[in-house]
Structure formats: structure tokens, C-alpha cells
Amino acid sequence: LLSKLPDVGTSIFSVMSQLAQEHSAINLAQGFPDYDPPQELLEDLARHATTPGHQQYAPMPGLPRLREAISHKTALLYGVPAPDPATEITITSGATEALYAVLAAVVHPGDDVLVLEPAYDLYGPAIRLQGGRPVYVPLRPTDFRPDWDQVAAALTPRTRLIMLNTPHNPSGAVLTAEDWNTLAALLENTDTLVLSDEVYEHMVFDGQPHRSALQHPQLAERSFVLSSFGKTYHATGWKVGYCVAPPALTAEVRRVHQFLTFAVHTPTQHALADVLSHADHFRELPGFYQHKRDLFAELLTDTGFELLPVAGAYFQLARYRQLSSLPDVEFARRLTAETRVAVVPVSAFYHDGHDDGLIRFCFAKRDETLQAAAERLSRL
Ligand code: PMP
Ligand code: GLN
């Protein structure tokens with residue numbers, strides 16, 4: 001068989017979780033919480049899952065009441081005109097499906113797609129599967145913010161799309177209003193579209209707001225903005241996300257979505273519509289995760305890890321050069337097998353395995369888990 005992705009192995013997140021299991025390691029590798037969604041949400045899901053009449057296909061673009069709740073939340077939180085649930089919001093099987101559907105909808109063979117690296121591991125392969133060419137632009141090495149001069153230099157009439165991710169996985173860097181202004185100026189008079197991956201939208205710290213592409217009118221006109229309920233409700237296994245985009249772009253996403261998954265699990269959409277319409281769970285998230293970020297950093301103070309600043313999301317990057325000169329993949333394997341704390345090597349976020357001696361910890365874990373992990377790490 002002639003592989004379409006001959007150079008692509010198993011995703012680093014599966015590899016490290018498997019290795020963590022083999023060695024009974026504490027899993028700070030794959031990004032998922034070791035706590036559950038709010039109890040009321042679980043009970044509500046159980047109720048919908050056993051309600052006759054909620055067991056068949058949802059409408060292809062998503063349950064109307066869930067799209068309405070998203071529209072309301074978006075307007076309220078970001079101070080923007082409410083996206084039209086009928087024509088501008090599509091519910092997908094996680095942000096993963098939304099990413100794939102957007103790329104399949106807009107990337108033609110031979111198109112360039114700009115990707116800022118390090119980047120979430122599916123971006124490059126998903127672009128290539130459409131016949132597109134990922135054009136990688138490095139984020140600045142110290143603070144992982146975009147170097148807009150380099151972005152400008154990489155933009156050409158062949159650039160169909162630029163992919164951004166704020167808060168950023170794996171660095172936690174966030175884009176500012178100024179960044180969006182700069183991007184808007186660069187894209188003026190071009191046909192380049194924007195995919196803004198905002199799955200960690202509710203995890204921005206130190207009193208800073210999340211800045212969405214939706215808040216910039218000129219960008220909103222050409223943007224697909226993605227989010228994920230998995231992150232927001234501690235339910236990564238539910239795999240429900242969504243895409244907000246203007247009607248013409250949404251129509252293209254739906255052309256693909258209808259043949260990719262058609263629709264998303266009905267009872268889960270009901271439960272998410274309920275929680276979104278009557279609870280403010282997401283407002284507690286910045287404080288909840290800032291506590292974990294600070295606790296974990298404090299616990300690692302006297303270790304040989306040099307921690308990088310974290311403005312958002314639930315990942316902590318650390319330099320380990322004082323501890324080892326091994327390549328990051330090997331260091332991560334040893335940490336998992338010998339210290340029994342699983343982490344992700346940051347080279348997995350680069351198409352060419354670029355290695356700066358960095359690992360990624362996920363701190364979406366109970367305080368006891370973080371304490372137990374830190375205890376093991378402090379023995380290094
Ligand atoms: N984008 C980024 C940056 C992510 O970190 C993740 C979660 N791993 C996703 C997309 C995929 O989200 P979901 O689990 O909802 O498919
Ligand atoms: N987004 C998660 C992470 O970065 C993992 C998702 C996955 O395993 N596909 O760790």
C-alpha cells in the first residue's frame with residue numbers, strides 16, 4: 001500500500017500515555033484532566049442518555065439549542081454580535097473534526113497553509129492529506145509569540161489559510177489584541193483565510209482576557225474559530241467541539257462535516273446545551289487553572305527544571321539541560337520509565353523534530369497528583 005503519510009508515526013500523545021501505563025507512571029503527558037466534569041452535568045447527561053426521543057441523529061449542523069447557547073455565550077463573553085446559530089455555528093466531533101473539516105473544505109491541492117511552530121501535531125498531516133503544503137514559520141524561541149515580520153515574509157498569493165492557536169499548545173502563549181490587529185493589516189487585500197484554534201479559550205491567567213479572532217471585525221469575516229467542550233468541561237472523552245464562521249465559510253465546512261461524521265452524539269449535545277444555558281462553570285476556569293499552574297511551579301522550584309512562563313492553557317514547558325543532555329524524546333522516555341512521570345517531548349510539535357531541550361507537563365491534574373509527580377521529579 002502506498003501510504004499517504006509515510007513519515008507519520010503514532011501520535012505522541014498515544015505513545016506517551018501507553019508508555020505511562022506500561023511503567024505505572026503519573027501521566028502528565030497527554031492533555032486531559034484526572035478529575036471529572038461537574039456532577040450535575042454527569043447526571044444531566046445520564047438523564048438525556050436514557051430519555052426516549054434523544055437517541056437518533058441530531059440535525060447535521062448540531063442541535064439548535066446547543067448552537068443557540070453557544071451564540072449567546074460568544075456574544076456575552078466577547079462583546080461581539082451574536083453569531084447566527086442557523087448559519088454560523090456548526091457542532092463537530094471535537095475540535096479535531098472541526099480542524100479536519102475546515103482544512104478539507106478550503107485547502108486545494110498545491111495551496112500553502114501557514115503554520116506557526118511548535119504546533120499541535122495534527123495540523124501538518126491534515127494539511128498534507130488535502131494536497132496542501134504546510135509552510136512553517138517558527139514562533140519566537142523565548143516567548144513563543146509570533147514574529148509578524150516572518151509571517152509577512154511567508155505570505156504569498158498561494159497562502160490559502162493561516163492557522164493560529166491561542167492560548168497556545170504547548171507553550172501557553174496567548175495572542176493580544178495588538179497581534180490580531182497586525183495580522184488583520186497583513187491580510188488586508190489578500191484572499192487568505194484564518195483558522196483560529198481557541199480550544200483553551202477559558203484558560204487565560206493573571207487577569208488577562210482571552211482575545212478571540214471573533215473580536216476583530218475584519219478578521220472575523222475570514223475566520224473559522226474553533227473551540228472544544230472537552231477542555232472546558234473536563235470531558236475530553238466526550239469529543240464535542242464547534243466551529244464559528246461567517247455563513248459562506250460555514251456552508252463550506254458543513255459540506256464536509258455532513259460526509260465526515262454527519263452529526264454529533266445527541267444526548268451529549270443536550271447536556272452541553274443545558275450546562276451552557278444555566279451555569280457559569282467556564283468563568284471559574286482561569287482561577288482554577290492558575291492555582292494549578294502556580295502550585296506546580298512552586299513544587300518544582302528546587303528541581304533542575306527551568307520553567308517557562310505560562311500565560312494560558314494547561315501546559316507547563318520546562319528546560320531540562322541542567323539535568324541531562326539527552327535528546328528530548330529520549331529524556332521524556334527515561335523520565336517516564338525511570339522517574340515514572342510521563343511528559344511530552346516538545347520536538348513532537350515540530351515537523352522536523354527540532355529539539356530545544358524542552359518537555360511539556362500537563363498540569364490539569366488533582367493537586368495530589370501534581371504533588372506526587374513533583375516528589376518524584378525532585379529526586380532527579
Ligand atoms: N487543538 C488543540 C491545540 C488541542 O490541544 C486539542 C486537544 N488536544 C485539540 C485541538 C483537539 O480538541 P478535541 O479534543 O476537542 O478534539
Ligand atoms: N490535545 C491533547 C494534548 O495536547 C491531546 C489530544 C490527543 O491525545 N489527541 O495533549
# chains A, B, ... in the order shown; residues from 1 in each chain; ligands from 1
$ residues_near_ligand --ligand "ligand 1" --cutoff "10 Å" --atoms "only C-alpha atoms and all ligand atoms" --output "JSON, numbers by chain"
{"A": [13, 30, 31, 32, 92, 93, 94, 95, 96, 97, 98, 99, 119, 120, 121, 122, 123, 164, 165, 166, 167, 168, 169, 170, 196, 197, 198, 199, 200, 226, 227, 228, 229, 230, 231, 232, 235, 236, 237, 238, 239, 240, 241, 242, 313, 314, 315]}
$ residues_around --residues "His48 in chain A" --least-positions-apart "6" --cutoff "10 Å" --atoms "only C-alpha atoms" --output "list in words"
Leu42, His54, Gln55, Thr266, Pro267, Thr268, Gln269, His270 and Ala271 of chain A
$ atom_distance --atom1 "CA of Pro286 in chain A" --atom2 "CA of Arg211 in chain A"
13.9 Å
$ select_by_dssp --residues "range 180-360 of chain A" --states "strand (DSSP E or B)" --output "ChimeraX atom specification"
/A:193-197,204,223-228,241-244,306-307,312,315-319,341-342,344-345,358-360
$ write_last_selection --atoms "C-alpha atoms" --output "PDB file, in the first residue's frame"
ATOM      1  CA  LEU A 193      -8.392  32.784   5.387  1.00  0.00           C
ATOM      2  CA  VAL A 194      -7.739  32.317   9.111  1.00  0.00           C
ATOM      3  CA  LEU A 195      -8.230  29.242  11.275  1.00  0.00           C
ATOM      4  CA  SER A 196      -8.110  30.230  14.933  1.00  0.00           C
ATOM      5  CA  ASP A 197      -7.860  27.245  17.274  1.00  0.00           C
ATOM      6  CA  VAL A 204      -6.042  32.563  30.433  1.00  0.00           C
ATOM      7  CA  SER A 223     -12.015  33.293  10.150  1.00  0.00           C
ATOM      8  CA  PHE A 224     -13.004  29.847  11.321  1.00  0.00           C
ATOM      9  CA  VAL A 225     -12.902  29.962  15.125  1.00  0.00           C
ATOM     10  CA  LEU A 226     -12.795  26.586  16.887  1.00  0.00           C
ATOM     11  CA  SER A 227     -13.437  25.545  20.452  1.00  0.00           C
ATOM     12  CA  SER A 228     -13.857  22.309  22.395  1.00  0.00           C
ATOM     13  CA  GLY A 241     -16.426  20.895  19.707  1.00  0.00           C
ATOM     14  CA  TYR A 242     -17.616  23.573  17.351  1.00  0.00           C
ATOM     15  CA  CYS A 243     -16.714  25.989  14.584  1.00  0.00           C
ATOM     16  CA  VAL A 244     -17.910  29.599  14.333  1.00  0.00           C
ATOM     17  CA  GLU A 306      13.818  25.696  34.323  1.00  0.00           C
ATOM     18  CA  LEU A 307      10.153  26.592  33.910  1.00  0.00           C
ATOM     19  CA  GLY A 312      -2.763  30.266  29.317  1.00  0.00           C
ATOM     20  CA  PHE A 315       0.646  23.034  29.982  1.00  0.00           C
ATOM     21  CA  GLN A 316       3.982  23.911  31.574  1.00  0.00           C
ATOM     22  CA  LEU A 317       7.110  23.898  29.423  1.00  0.00           C
ATOM     23  CA  ALA A 318      10.410  23.121  31.132  1.00  0.00           C
ATOM     24  CA  ARG A 319      14.056  23.167  30.072  1.00  0.00           C
ATOM     25  CA  VAL A 341       6.414  10.779  35.469  1.00  0.00           C
ATOM     26  CA  ALA A 342       5.241  10.858  31.852  1.00  0.00           C
ATOM     27  CA  VAL A 344       5.734  15.060  26.153  1.00  0.00           C
ATOM     28  CA  PRO A 345       8.956  15.957  24.294  1.00  0.00           C
ATOM     29  CA  LEU A 358      12.178  21.146  26.337  1.00  0.00           C
ATOM     30  CA  ILE A 359       9.470  18.918  27.765  1.00  0.00           C
ATOM     31  CA  ARG A 360       5.782  19.614  28.354  1.00  0.00           C
TER      32      ARG A 360
END
$ residues_around --residues "Arg340 in chain A" --least-positions-apart "5" --cutoff "9 Å" --atoms "only C-alpha atoms" --output "list in words"
Ala20, His23, Ser24, Ala25, Ile26, Asn27, Arg334, Leu335, Ala373, Arg376 and Leu377 of chain A
$ write_last_selection --atoms "C-alpha atoms" --output "PDB file, in the first residue's frame"
ATOM      1  CA  ALA A  20       2.938   5.778  31.150  1.00  0.00           C
ATOM      2  CA  HIS A  23       5.507   1.854  33.729  1.00  0.00           C
ATOM      3  CA  SER A  24       2.659   2.867  36.067  1.00  0.00           C
ATOM      4  CA  ALA A  25       3.912   6.415  35.666  1.00  0.00           C
ATOM      5  CA  ILE A  26       1.974   9.519  36.687  1.00  0.00           C
ATOM      6  CA  ASN A  27       0.662  10.759  33.349  1.00  0.00           C
ATOM      7  CA  ARG A 334      13.539   7.898  30.634  1.00  0.00           C
ATOM      8  CA  LEU A 335      11.527  10.243  32.801  1.00  0.00           C
ATOM      9  CA  ALA A 373       4.729  13.924  40.494  1.00  0.00           C
ATOM     10  CA  ARG A 376       9.400  12.039  42.065  1.00  0.00           C
ATOM     11  CA  LEU A 377      10.851  14.842  39.945  1.00  0.00           C
TER      12      LEU A 377
END
$ residues_around --residues "Pro157 in chain A" --least-positions-apart "2" --cutoff "9 Å" --atoms "only C-alpha atoms" --output "MDAnalysis selection string"
chainID A and resid 112 155 159:160 190:192
$ write_last_selection --atoms "N, CA and C atoms" --output "CSV table (one decimal), in the first residue's frame"
chain,number,residue,atom,x,y,z
A,112,ASP,N,-0.8,26.8,-0.2
A,112,ASP,CA,0.1,26.9,1.0
A,112,ASP,C,-0.8,27.2,2.2
A,155,LEU,N,3.9,35.0,3.7
A,155,LEU,CA,2.6,35.1,3.0
A,155,LEU,C,2.8,35.4,1.5
A,159,THR,N,-1.0,31.5,-0.4
A,159,THR,CA,-1.4,31.2,1.0
A,159,THR,C,-2.9,31.2,1.2
A,160,ARG,N,-3.5,30.0,1.2
A,160,ARG,CA,-4.9,29.9,1.3
A,160,ARG,C,-5.4,30.2,2.8
A,190,THR,N,-5.8,40.5,0.7
A,190,THR,CA,-5.5,39.2,0.3
A,190,THR,C,-6.7,38.3,0.4
A,191,ASP,N,-6.6,37.1,-0.1
A,191,ASP,CA,-7.7,36.1,0.0
A,191,ASP,C,-7.4,35.1,1.0
A,192,THR,N,-6.4,35.3,1.8
A,192,THR,CA,-6.0,34.3,2.8
A,192,THR,C,-7.0,34.2,4.0
$ residues_around --residues "Gly357 in chain A" --least-positions-apart "6" --cutoff "10 Å" --atoms "only C-alpha atoms" --output "list in words"
Ala318, Arg319, Tyr320, Arg321, Gln322, Ser324, Ser325, Leu326, Pro327, Asp328, Val329, Phe331, Pro345, Val346 and Ser347 of chain A
$ atom_distance --atom1 "atom 8 (O, counted along the ligand's line) of ligand 2" --atom2 "CA of Leu129 in chain A"
19.4 Å
$ closest_residue --among "A:Asp111, A:Asp274, A:Asp355, A:Asp149" --to "Leu66 in chain A" --atoms "only C-alpha atoms"
A:Asp274
$ atom_distance --atom1 "CA of Ser378 in chain A" --atom2 "CA of Thr303 in chain A"
5.2 Å
$ residues_around --residues "Ala69 in chain A" --least-positions-apart "4" --cutoff "10 Å" --atoms "only C-alpha atoms" --output "PDB file with N, CA and C atoms, in the first residue's frame"
ATOM      1  N   PRO A  64     -30.063  22.588  17.551  1.00  0.00           N
ATOM      2  CA  PRO A  64     -30.313  24.040  17.544  1.00  0.00           C
ATOM      3  C   PRO A  64     -30.129  24.675  18.927  1.00  0.00           C
ATOM      4  N   ARG A  65     -30.587  24.003  19.980  1.00  0.00           N
ATOM      5  CA  ARG A  65     -30.481  24.661  21.302  1.00  0.00           C
ATOM      6  C   ARG A  65     -29.038  24.761  21.770  1.00  0.00           C
ATOM      7  N   LYS A  73     -23.418  32.727  24.514  1.00  0.00           N
ATOM      8  CA  LYS A  73     -22.181  32.788  25.291  1.00  0.00           C
ATOM      9  C   LYS A  73     -21.128  33.619  24.558  1.00  0.00           C
ATOM     10  N   THR A  74     -21.011  33.414  23.277  1.00  0.00           N
ATOM     11  CA  THR A  74     -19.993  34.109  22.482  1.00  0.00           C
ATOM     12  C   THR A  74     -20.219  35.620  22.509  1.00  0.00           C
ATOM     13  N   PRO A  85     -26.988  31.162  14.922  1.00  0.00           N
ATOM     14  CA  PRO A  85     -26.902  29.705  15.120  1.00  0.00           C
ATOM     15  C   PRO A  85     -27.261  28.937  13.838  1.00  0.00           C
ATOM     16  N   LEU A 272     -24.810  19.462  27.117  1.00  0.00           N
ATOM     17  CA  LEU A 272     -23.968  20.653  26.985  1.00  0.00           C
ATOM     18  C   LEU A 272     -24.820  21.910  26.795  1.00  0.00           C
ATOM     19  N   ALA A 273     -25.934  21.772  26.089  1.00  0.00           N
ATOM     20  CA  ALA A 273     -26.838  22.926  25.937  1.00  0.00           C
ATOM     21  C   ALA A 273     -27.371  23.333  27.305  1.00  0.00           C
ATOM     22  N   ASP A 274     -27.738  22.355  28.135  1.00  0.00           N
ATOM     23  CA  ASP A 274     -28.241  22.668  29.482  1.00  0.00           C
ATOM     24  C   ASP A 274     -27.189  23.410  30.291  1.00  0.00           C
ATOM     25  N   VAL A 275     -25.982  22.853  30.339  1.00  0.00           N
ATOM     26  CA  VAL A 275     -24.967  23.423  31.225  1.00  0.00           C
ATOM     27  C   VAL A 275     -24.559  24.811  30.742  1.00  0.00           C
ATOM     28  N   LEU A 276     -24.542  24.984  29.438  1.00  0.00           N
ATOM     29  CA  LEU A 276     -24.125  26.269  28.886  1.00  0.00           C
ATOM     30  C   LEU A 276     -25.197  27.329  29.129  1.00  0.00           C
ATOM     31  N   SER A 277     -26.484  26.919  29.162  1.00  0.00           N
ATOM     32  CA  SER A 277     -27.512  27.935  29.328  1.00  0.00           C
ATOM     33  C   SER A 277     -27.753  28.315  30.784  1.00  0.00           C
ATOM     34  N   HIS A 278     -27.370  27.471  31.742  1.00  0.00           N
ATOM     35  CA  HIS A 278     -27.694  27.892  33.103  1.00  0.00           C
ATOM     36  C   HIS A 278     -26.521  27.876  34.083  1.00  0.00           C
TER      37      HIS A 278
END
$ residues_around --residues "Ala297 in chain A" --least-positions-apart "2" --cutoff "12 Å" --atoms "only C-alpha atoms" --output "VMD selection string"
chain A and resid 290 to 295 299 to 303 305 to 310 315 to 318 361 to 363 370 to 371 373 to 374
$ select_by_dssp --residues "range 27-235 of chain A" --states "alpha helix (DSSP H)" --output "PyMOL selection string"
chain A and resi 39-49+64-78+94-106+123-129+148-154+177-187+217-220+229-232
$ closest_residue --among "A:Leu219, A:Ile70, A:Val135, A:Ala311" --to "Asn189 in chain A" --atoms "only C-alpha atoms"
A:Leu219
$ closest_residue --among "A:Thr51, A:Tyr78, A:Thr90, A:Gln258" --to "Pro217 in chain A" --atoms "only C-alpha atoms"
A:Tyr78
$ closest_residue --among "A:Thr156, A:Ser11, A:Gln218, A:Thr339" --to "Ala185 in chain A" --atoms "only C-alpha atoms"
A:Gln218
